[in-house]
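Next comes coords.txt, with compact mmCIF, C-alpha atoms.
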```
# COMPACT_ATOMS: atom_id res chain seq x y z
CA MET A 1 8.87 -6.96 -11.75
CA HIS A 2 8.22 -8.51 -8.32
CA ILE A 3 5.56 -6.83 -6.18
CA ALA A 4 4.55 -7.52 -2.58
CA LEU A 5 1.02 -6.24 -2.00
CA PHE A 6 -0.04 -5.93 1.65
CA HIS A 7 -3.73 -5.74 2.48
CA SER A 8 -5.76 -3.30 4.54
CA VAL A 9 -6.98 -3.62 8.12
CA LEU A 10 -10.06 -5.36 6.69
CA GLY A 11 -7.90 -8.37 5.75
CA LEU A 12 -7.11 -10.03 2.45
CA ARG A 13 -10.27 -9.48 0.42
CA PRO A 14 -11.35 -9.41 -3.20
CA VAL A 15 -10.03 -5.85 -3.68
CA GLU A 16 -6.44 -6.96 -3.06
CA LEU A 17 -6.86 -10.23 -4.95
CA LEU A 18 -8.27 -8.37 -7.97
CA ALA A 19 -5.44 -5.83 -7.76
CA ALA A 20 -2.86 -8.63 -7.66
CA GLU A 21 -4.51 -10.29 -10.65
CA ARG A 22 -4.55 -7.02 -12.59
CA LEU A 23 -0.84 -6.57 -11.91
CA ARG A 24 -0.13 -10.17 -12.95
CA ARG A 25 -1.98 -9.64 -16.24
CA ALA A 26 0.37 -6.70 -16.82
CA GLY A 27 3.31 -9.12 -16.55
CA HIS A 28 4.35 -8.72 -12.91
CA GLU A 29 4.98 -11.38 -10.28
CA VAL A 30 2.78 -10.51 -7.31
CA SER A 31 2.58 -11.83 -3.79
CA ALA A 32 -0.50 -10.80 -1.79
CA PRO A 33 -0.01 -12.58 1.54
CA ASP A 34 -2.81 -13.10 4.03
CA LEU A 35 -1.48 -11.39 7.14
CA PHE A 36 -4.57 -12.19 9.23
CA GLY A 37 -4.72 -15.97 8.74
CA HIS A 38 -7.96 -16.08 6.72
CA GLU A 39 -9.83 -13.61 8.92
CA THR A 40 -11.47 -10.46 7.61
CA ALA A 41 -13.36 -7.55 9.11
CA ALA A 42 -16.43 -5.70 7.91
CA THR A 43 -15.43 -2.30 9.34
CA ILE A 44 -12.25 -0.43 10.12
CA ASP A 45 -13.01 -0.64 13.86
CA GLU A 46 -13.43 -4.42 13.61
CA GLY A 47 -10.16 -4.51 11.67
CA TYR A 48 -8.32 -2.68 14.44
CA GLN A 49 -9.73 -5.20 16.94
CA LEU A 50 -8.50 -8.01 14.71
CA VAL A 51 -5.01 -6.51 14.54
CA GLU A 52 -5.00 -6.08 18.31
CA ARG A 53 -6.02 -9.72 18.82
CA ILE A 54 -3.52 -11.09 16.27
CA GLY A 55 -0.79 -8.67 17.30
CA TRP A 56 1.04 -6.16 15.12
CA ARG A 57 4.32 -8.09 15.49
CA THR A 58 2.63 -11.22 14.14
CA VAL A 59 1.19 -9.27 11.21
CA VAL A 60 4.62 -7.85 10.35
CA ASP A 61 6.35 -11.22 10.84
CA ARG A 62 3.89 -12.82 8.41
CA ALA A 63 4.67 -10.08 5.88
CA ARG A 64 8.40 -10.58 6.42
CA GLN A 65 8.03 -14.33 5.82
CA ALA A 66 6.11 -13.62 2.60
CA LEU A 67 9.07 -11.58 1.37
CA GLY A 68 11.48 -14.44 2.08
CA ASP A 69 11.75 -15.69 -1.50
CA MET A 70 11.28 -12.32 -3.15
CA PRO A 71 14.30 -10.48 -4.59
CA GLY A 72 15.53 -7.41 -2.72
CA GLY A 73 14.65 -5.26 -5.71
CA ALA A 74 10.92 -5.84 -5.34
CA VAL A 75 8.26 -3.15 -5.15
CA LEU A 76 6.56 -2.84 -1.77
CA ALA A 77 2.87 -1.92 -2.02
CA GLY A 78 0.44 -1.31 0.81
CA VAL A 79 -3.31 -0.79 0.88
CA SER A 80 -4.26 1.41 3.85
CA MET A 81 -2.88 -0.52 6.86
CA GLY A 82 -0.57 -2.21 4.36
CA ALA A 83 1.29 1.12 4.14
CA GLY A 84 2.21 0.60 7.79
CA VAL A 85 3.47 -2.89 6.94
CA VAL A 86 5.56 -1.39 4.14
CA ALA A 87 6.99 1.13 6.62
CA GLU A 88 8.03 -1.69 8.95
CA LEU A 89 9.76 -3.79 6.27
CA TRP A 90 11.24 -1.12 4.03
CA PRO A 91 14.27 -0.37 6.26
CA GLU A 92 15.19 -4.08 6.11
CA ARG A 93 15.13 -4.02 2.30
CA PRO A 94 17.59 -1.34 1.11
CA ASP A 95 17.35 -2.55 -2.50
CA THR A 96 13.59 -1.92 -2.69
CA LEU A 97 12.89 -0.89 -6.25
CA GLY A 98 9.80 1.17 -5.56
CA VAL A 99 7.06 1.89 -3.05
CA LEU A 100 3.36 2.14 -3.77
CA LEU A 101 1.00 3.48 -1.10
CA LEU A 102 -2.75 3.19 -1.62
CA HIS A 103 -5.19 4.91 0.73
CA ALA A 104 -2.63 5.87 3.39
CA THR A 105 0.72 7.52 3.83
CA THR A 106 3.77 6.70 5.90
CA ALA A 107 7.09 8.27 6.84
CA LEU A 108 10.27 7.54 4.92
CA PRO A 109 12.83 5.35 6.69
CA ALA A 110 16.15 6.99 7.49
CA SER A 111 17.94 4.50 5.25
CA VAL A 112 15.90 5.22 2.13
CA ARG A 113 17.96 5.12 -1.06
CA PRO A 114 18.12 8.32 -3.14
CA GLY A 115 16.49 7.92 -6.52
CA LEU A 116 13.85 5.48 -5.30
CA ARG A 117 10.49 5.80 -7.05
CA MET A 118 7.35 6.13 -4.99
CA GLN A 119 3.65 6.80 -5.52
CA LEU A 120 0.88 7.76 -3.10
CA HIS A 121 -2.79 7.43 -4.08
CA ALA A 122 -5.37 8.69 -1.58
CA ALA A 123 -8.81 10.19 -1.39
CA GLU A 124 -9.10 13.87 -0.57
CA PRO A 125 -9.95 14.30 2.19
CA ASP A 126 -8.83 11.09 3.88
CA ASP A 127 -8.07 10.66 7.58
CA PHE A 128 -5.37 8.14 6.71
CA ALA A 129 -3.57 10.61 4.42
CA PRO A 130 -4.09 13.97 6.14
CA PRO A 131 -2.64 17.06 4.43
CA GLU A 132 0.06 17.55 7.07
CA ASP A 133 1.31 13.95 6.66
CA VAL A 134 1.29 14.23 2.88
CA ALA A 135 3.21 17.53 3.10
CA ALA A 136 5.74 15.93 5.46
CA LEU A 137 6.19 13.03 3.05
CA ARG A 138 6.70 15.45 0.16
CA ARG A 139 9.34 17.41 2.12
CA ALA A 140 11.17 14.25 3.22
CA ALA A 141 11.13 12.88 -0.33
CA THR A 142 12.61 16.13 -1.66
CA GLU A 143 15.33 16.13 1.04
CA LYS A 144 16.23 12.49 0.40
CA ARG A 145 15.98 12.83 -3.41
CA ILE A 146 13.12 10.34 -3.77
CA HIS A 147 11.02 10.53 -6.91
CA LEU A 148 7.56 10.86 -5.32
CA GLU A 149 4.28 11.20 -7.18
CA ILE A 150 1.23 12.13 -5.13
CA PHE A 151 -2.25 11.62 -6.51
CA ARG A 152 -5.31 12.81 -4.56
CA TYR A 153 -8.84 11.94 -5.60
CA ALA A 154 -11.22 14.72 -4.56
CA GLY A 155 -14.53 13.59 -3.16
CA ALA A 156 -13.58 9.89 -3.12
CA SER A 157 -13.91 7.81 0.04
CA HIS A 158 -11.06 6.04 1.83
CA PHE A 159 -11.58 2.68 0.09
CA TYR A 160 -12.52 4.14 -3.29
CA THR A 161 -10.73 1.37 -5.25
CA ASP A 162 -12.75 -1.40 -3.56
CA LEU A 163 -15.57 -2.69 -5.79
CA GLY A 164 -17.28 -4.22 -2.76
CA HIS A 165 -17.22 -1.06 -0.65
CA PRO A 166 -20.10 1.46 -0.64
CA GLY A 167 -17.58 4.24 -1.28
CA HIS A 168 -16.23 2.69 -4.48
CA ASP A 169 -15.52 5.36 -7.10
CA PRO A 170 -15.12 3.64 -10.49
CA ALA A 171 -13.54 6.62 -12.27
CA ALA A 172 -11.02 7.33 -9.49
CA ALA A 173 -10.23 3.61 -9.15
CA GLU A 174 -9.59 3.19 -12.87
CA LEU A 175 -7.37 6.28 -12.96
CA THR A 176 -5.45 4.97 -9.95
CA TRP A 177 -4.76 1.62 -11.60
CA ARG A 178 -3.70 3.25 -14.88
CA ARG A 179 -1.23 5.41 -12.95
CA VAL A 180 0.01 2.41 -10.96
CA LEU A 181 0.62 0.42 -14.14
CA ASP A 182 2.49 3.39 -15.67
CA PHE A 183 4.59 3.60 -12.50
CA LEU A 184 5.42 -0.09 -12.68
CA GLY A 185 6.06 -0.02 -16.42
```

Translate the structure of the given file into structure tokens.
Amino acid sequence: MHIALFHSVLGLRPVELLAAERLRRAGHEVSAPDLFGHETAATIDEGYQLVERIGWRTVVDRARQALGDMPGGAVLAGVSMGAGVVAELWPERPDTLGVLLLHATTALPASVRPGLRMQLHAAEPDDFAPPEDVAALRRAATEKRIHLEIFRYAGASHFYTDLGHPGHDPAAAELTWRRVLDFLG
């Protein structure tokens, strides 16, 4: 299976590279493009400043270019800000095979195909996956006949899957990746 994995607002870091490698070891072809041109941020606020300086359109255009050689039936995966990148590109890719959202939620595009498979993994609580947004996603998925699985990880921090982050939660991270691999299998 082909997977496009889009990084967080902190930039392409070891967490995404390790995730891509884990998915490759499971037999998938993974692209994890660097949407920030080799720049990273230490904090979410610094990341927002980086996005502002680079420009959201540039970030999305870089993601679009990365999808150029990928089949339409790829899985789109986003880590935090990467969920926003997925939201931008998804309407352009009607044959998307699945959507994987890590650490953030997004709205469904109007053109979403019934029967699409989707997973959301987020800490609980998490400002980037607030209950009202998760509930809206669940309602929209039901209305549009999307197979949506939502997994919340109580007490985990926003970047709980990131080994290099102080909020890393090894048990929640391992459970997340087992569920992701089941989803992709």

Practice problem: Using all atoms listed in the file, determine which residues lie at most 9 Å from stretch 120-127 of chain A, disregarding the query and same-chain residues fewer than 4 positions distant; provide the list as a PyMOL selection string. | Solution: chain A and resi 99-105+131+134+148-160+172+176+180

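You will find atom CA of A:Met81 at 5.3 Å from atom CA of A:Val9.
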
Would you mind listing, for every residue of stretch 109-182 of chain A within 12 Å of stretch 26-37 of chain A, the two atoms forming the shortest contact and the distance between them in Å to one decimal, using all atoms listed in the file, sorted by chain and ascending residue number, as CSV?
```
residue,atom,partner,partner_atom,distance
A:Trp177,CA,A:Ala26,CA,11.1
A:Arg178,CA,A:Ala26,CA,10.9
A:Val180,CA,A:Ala26,CA,10.8
A:Leu181,CA,A:Ala26,CA,7.6
A:Asp182,CA,A:Ala26,CA,10.4
```

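Note that the spacing between atom CA of A:Ala63 and atom CA of A:Gly164 amounts to 24.3 Å.
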
Exercise. Give as a PyMOL selection string the set of residues within 12 Å of the point (20.9, 3.8, -4.2), where distances use the file's coordinates and all atoms listed in the file.
Key: chain A and resi 73+93-98+111-117+144-146

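Counting only C-alpha atoms, the residue from A:Ala107, A:Met118, A:Ala66, A:Leu5 that sits nearest to A:Ala135 is A:Ala107.
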
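With only C-alpha atoms as the basis for measurement, A:Ala4 is the residue among A:Glu52, A:Ala4, A:Arg25, A:Gly167 that approaches A:Trp90 most closely.
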
Exercise. Kindly indicate which residue among A:Val86, A:Val59, A:Ile54, A:Val75 lies nearest to A:Leu23, using all atoms listed in the file for the distances.
Key: A:Val75

Quiz prompt | Å distance separating atom CA of A:Leu18 from atom CA of A:Asp61, one decimal place | solution = 24.0 Å

Self-check item: A:Met1, A:Ala19, A:Leu10, A:Ala74 ranked by distance to A:Glu174, top pick (using all atoms listed in the file)
Solution: A:Ala19

Exercise. Considering all atoms listed in the file, return as a ChimeraX atom specification whatever protein or nucleic-acid residues lie within 12 Å of A:Ala41, sequence-local ones (same chain, fewer than 6 positions apart) excluded.
Key: /A:7-13,47-51

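The shortest atom-to-atom distance to A:Ile44, with all atoms listed in the file taken into account, belongs to A:Ser80 out of A:Pro71, A:Ile3, A:Ser80, A:Arg64.
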